[in-house]
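Everything on this sheet refers to the single structure shown next.
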Amino acid sequence: MPKYNTEARFHIYKICREMTEDFSAKDIIPKLNHPHSLSTIYRILDQLVDDKILVKNGDRYICVHRDCGTKSHFFLKCQSCAKTYHIDCNELSTIEQHFYEKHGFKANLNNSFLTGVCKKCQSEAK
């Protein structure tokens, strides 16, 4: 099915680019100027995932920033507060190289998620 650059798609794309943390489809609703059904929002978000503009993790989405200058985009998700951190780290290429040289596995770490506990939640747990 062809994708059309509708006004709804444009506005939802723009809202996604402005989001600094991961978000759900329901988080988009209050930011829209015109009402759209939740199914329309989900359909557009899934198209943006297919277009590699967004990454989906469960029912949450995060925008992939293409202007950061690194090859790999990596995400750290806190298991305590559920916040997602977008990481630009050139060390990822070292990990990919290690997997290939030592294990014969050509890994693609783009848009990968690691889970753990963020610094803030660690300090609050003390």
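Each chain in the structure tokens gets a letter, A, B, ..., in the order shown, and its residues are numbered from 1; ligands are numbered from 1 in order too.
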In chain A, DSSP strand (DSSP E) residues written as a list in words: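 Of chain A, the ones in strand (DSSP E) are Leu54, Val55, Lys56, Asn57, Arg60, Tyr61, Ile62, Cys63, Phe74, Phe75, Leu76, Lys77, Cys78, Thr84, Tyr85, His86, Ile87, Ser112, Phe113, Leu114, Thr115 and Gly116 of chain A.
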Asp59 (chain A) environment, 10 Å, only C-alpha atoms, sequence neighbours closer than 5 positions dropped, as a PyMOL selection string: chain A and resi 22-25
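CA of Gln47 (chain A) sits 17.8 Å away from CA of Leu32 (chain A).
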Nearest to Arg9 (chain A) by atom-to-atom distance, counting only C-alpha atoms, from A:Lys126, A:His86, A:His34, A:Lys77: A:His34
Go through region 76-100 of chain A and flag each residue having an atom no more than 7 Å from region 110-123 of chain A; for those, report the closest pair of atoms plus their distance in Å to one decimal, using only C-alpha atoms, ordered by chain and rising number, as a Markdown table.
| residue | atom | partner | partner_atom | distance |
| --- | --- | --- | --- | --- |
| A:Leu76 | CA | A:Leu114 | CA | 4.9 |
| A:Lys77 | CA | A:Thr115 | CA | 4.8 |
| A:Cys78 | CA | A:Val117 | CA | 4.7 |
| A:Gln79 | CA | A:Gly116 | CA | 5.6 |
| A:Ser80 | CA | A:Val117 | CA | 6.2 |
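Residues in contact with Asp51 (chain A) at up to 12 Å, not including ones fewer than 5 positions away on its chain and judged by only C-alpha atoms, are Lys3, Tyr13, Ile44, Leu45, Asp46, Lys56, Cys63 and Val64 of chain A.
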Store the residues picked out above in a file with N, CA and C atoms, as a compact mmCIF listing (two decimals), in the first residue's frame.
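Full text of out-v2.txt as output:
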# COMPACT_ATOMS: atom_id res chain seq x y z
N LYS A 3 2.31 4.94 0.67
CA LYS A 3 2.21 5.86 1.80
C LYS A 3 2.05 7.27 1.25
N TYR A 13 4.51 13.20 12.52
CA TYR A 13 5.97 13.13 12.34
C TYR A 13 6.64 14.28 13.08
N ILE A 44 0.03 5.55 11.50
CA ILE A 44 1.09 6.47 11.09
C ILE A 44 2.38 6.18 11.85
N LEU A 45 2.27 5.92 13.16
CA LEU A 45 3.47 5.58 13.93
C LEU A 45 4.12 4.30 13.39
N ASP A 46 3.31 3.31 13.05
CA ASP A 46 3.87 2.07 12.49
C ASP A 46 4.52 2.32 11.13
N LYS A 56 10.26 1.04 17.78
CA LYS A 56 9.20 0.62 18.70
C LYS A 56 9.77 -0.38 19.70
N CYS A 63 12.09 8.37 18.76
CA CYS A 63 12.55 8.91 17.48
C CYS A 63 14.05 8.69 17.35
N VAL A 64 14.45 8.20 16.19
CA VAL A 64 15.87 8.01 15.91
C VAL A 64 16.38 9.31 15.30
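With distances restricted to only C-alpha atoms, A:Phe74 is the closest residue to Glu91 (chain A) from A:Glu18, A:Phe74, A:Gly104, A:Leu54.
Those residues in region 52-114 of chain A carrying a DSSP assignment of alpha helix (DSSP H), computed from the backbone, are A:Glu91, A:Leu92, A:Ser93, A:Thr94, A:Ile95, A:Glu96, A:Gln97, A:His98, A:Phe99, A:Tyr100, A:Glu101, A:Lys102, A:His103.
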Can you write just those residues out, C-alpha atoms, as a PDB file, in the first residue's frame?
ATOM      1  CA  GLU A  91      32.258   2.251  20.876  1.00  0.00           C
ATOM      2  CA  LEU A  92      29.337   0.331  19.368  1.00  0.00           C
ATOM      3  CA  SER A  93      31.396  -0.308  16.242  1.00  0.00           C
ATOM      4  CA  THR A  94      34.003  -1.978  18.493  1.00  0.00           C
ATOM      5  CA  ILE A  95      31.333  -4.295  19.885  1.00  0.00           C
ATOM      6  CA  GLU A  96      30.073  -5.107  16.384  1.00  0.00           C
ATOM      7  CA  GLN A  97      33.655  -5.837  15.284  1.00  0.00           C
ATOM      8  CA  HIS A  98      34.197  -8.069  18.346  1.00  0.00           C
ATOM      9  CA  PHE A  99      31.063 -10.104  17.603  1.00  0.00           C
ATOM     10  CA  TYR A 100      32.238 -10.624  14.025  1.00  0.00           C
ATOM     11  CA  GLU A 101      35.899 -11.418  14.719  1.00  0.00           C
ATOM     12  CA  LYS A 102      35.425 -13.586  17.821  1.00  0.00           C
ATOM     13  CA  HIS A 103      32.031 -15.146  17.173  1.00  0.00           C
TER      14      HIS A 103
END
Close residues, Leu38 (chain A) itself excluded, 9 Å, only C-alpha atoms, min 5 positions apart in chain, as number ranges by chain: A: 25-26, 29, 43
Now that the selection is made, can you save its residues with C-alpha atoms as a PDB file, in the first residue's frame?
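That gives us part20.pdb:
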ATOM      1  CA  ALA A  25       0.422   6.700  20.756  1.00  0.00           C
ATOM      2  CA  LYS A  26      -1.811   8.197  23.456  1.00  0.00           C
ATOM      3  CA  ILE A  29      -3.290  13.003  21.140  1.00  0.00           C
ATOM      4  CA  ARG A  43      -1.080   3.395  11.673  1.00  0.00           C
TER       5      ARG A  43
END
Top pick for closest residue to Asp27 (chain A), considering A:Leu48, A:Ile62, A:Ala125, A:Ile53 and counting only C-alpha atoms: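 Closest residue, counting only C-alpha atoms: A:Ile62.
The closest residue to Gly58 (chain A), picked from A:Ala82, A:Ser39, A:His11, A:Thr6 and counting only C-alpha atoms, is A:Ala82.
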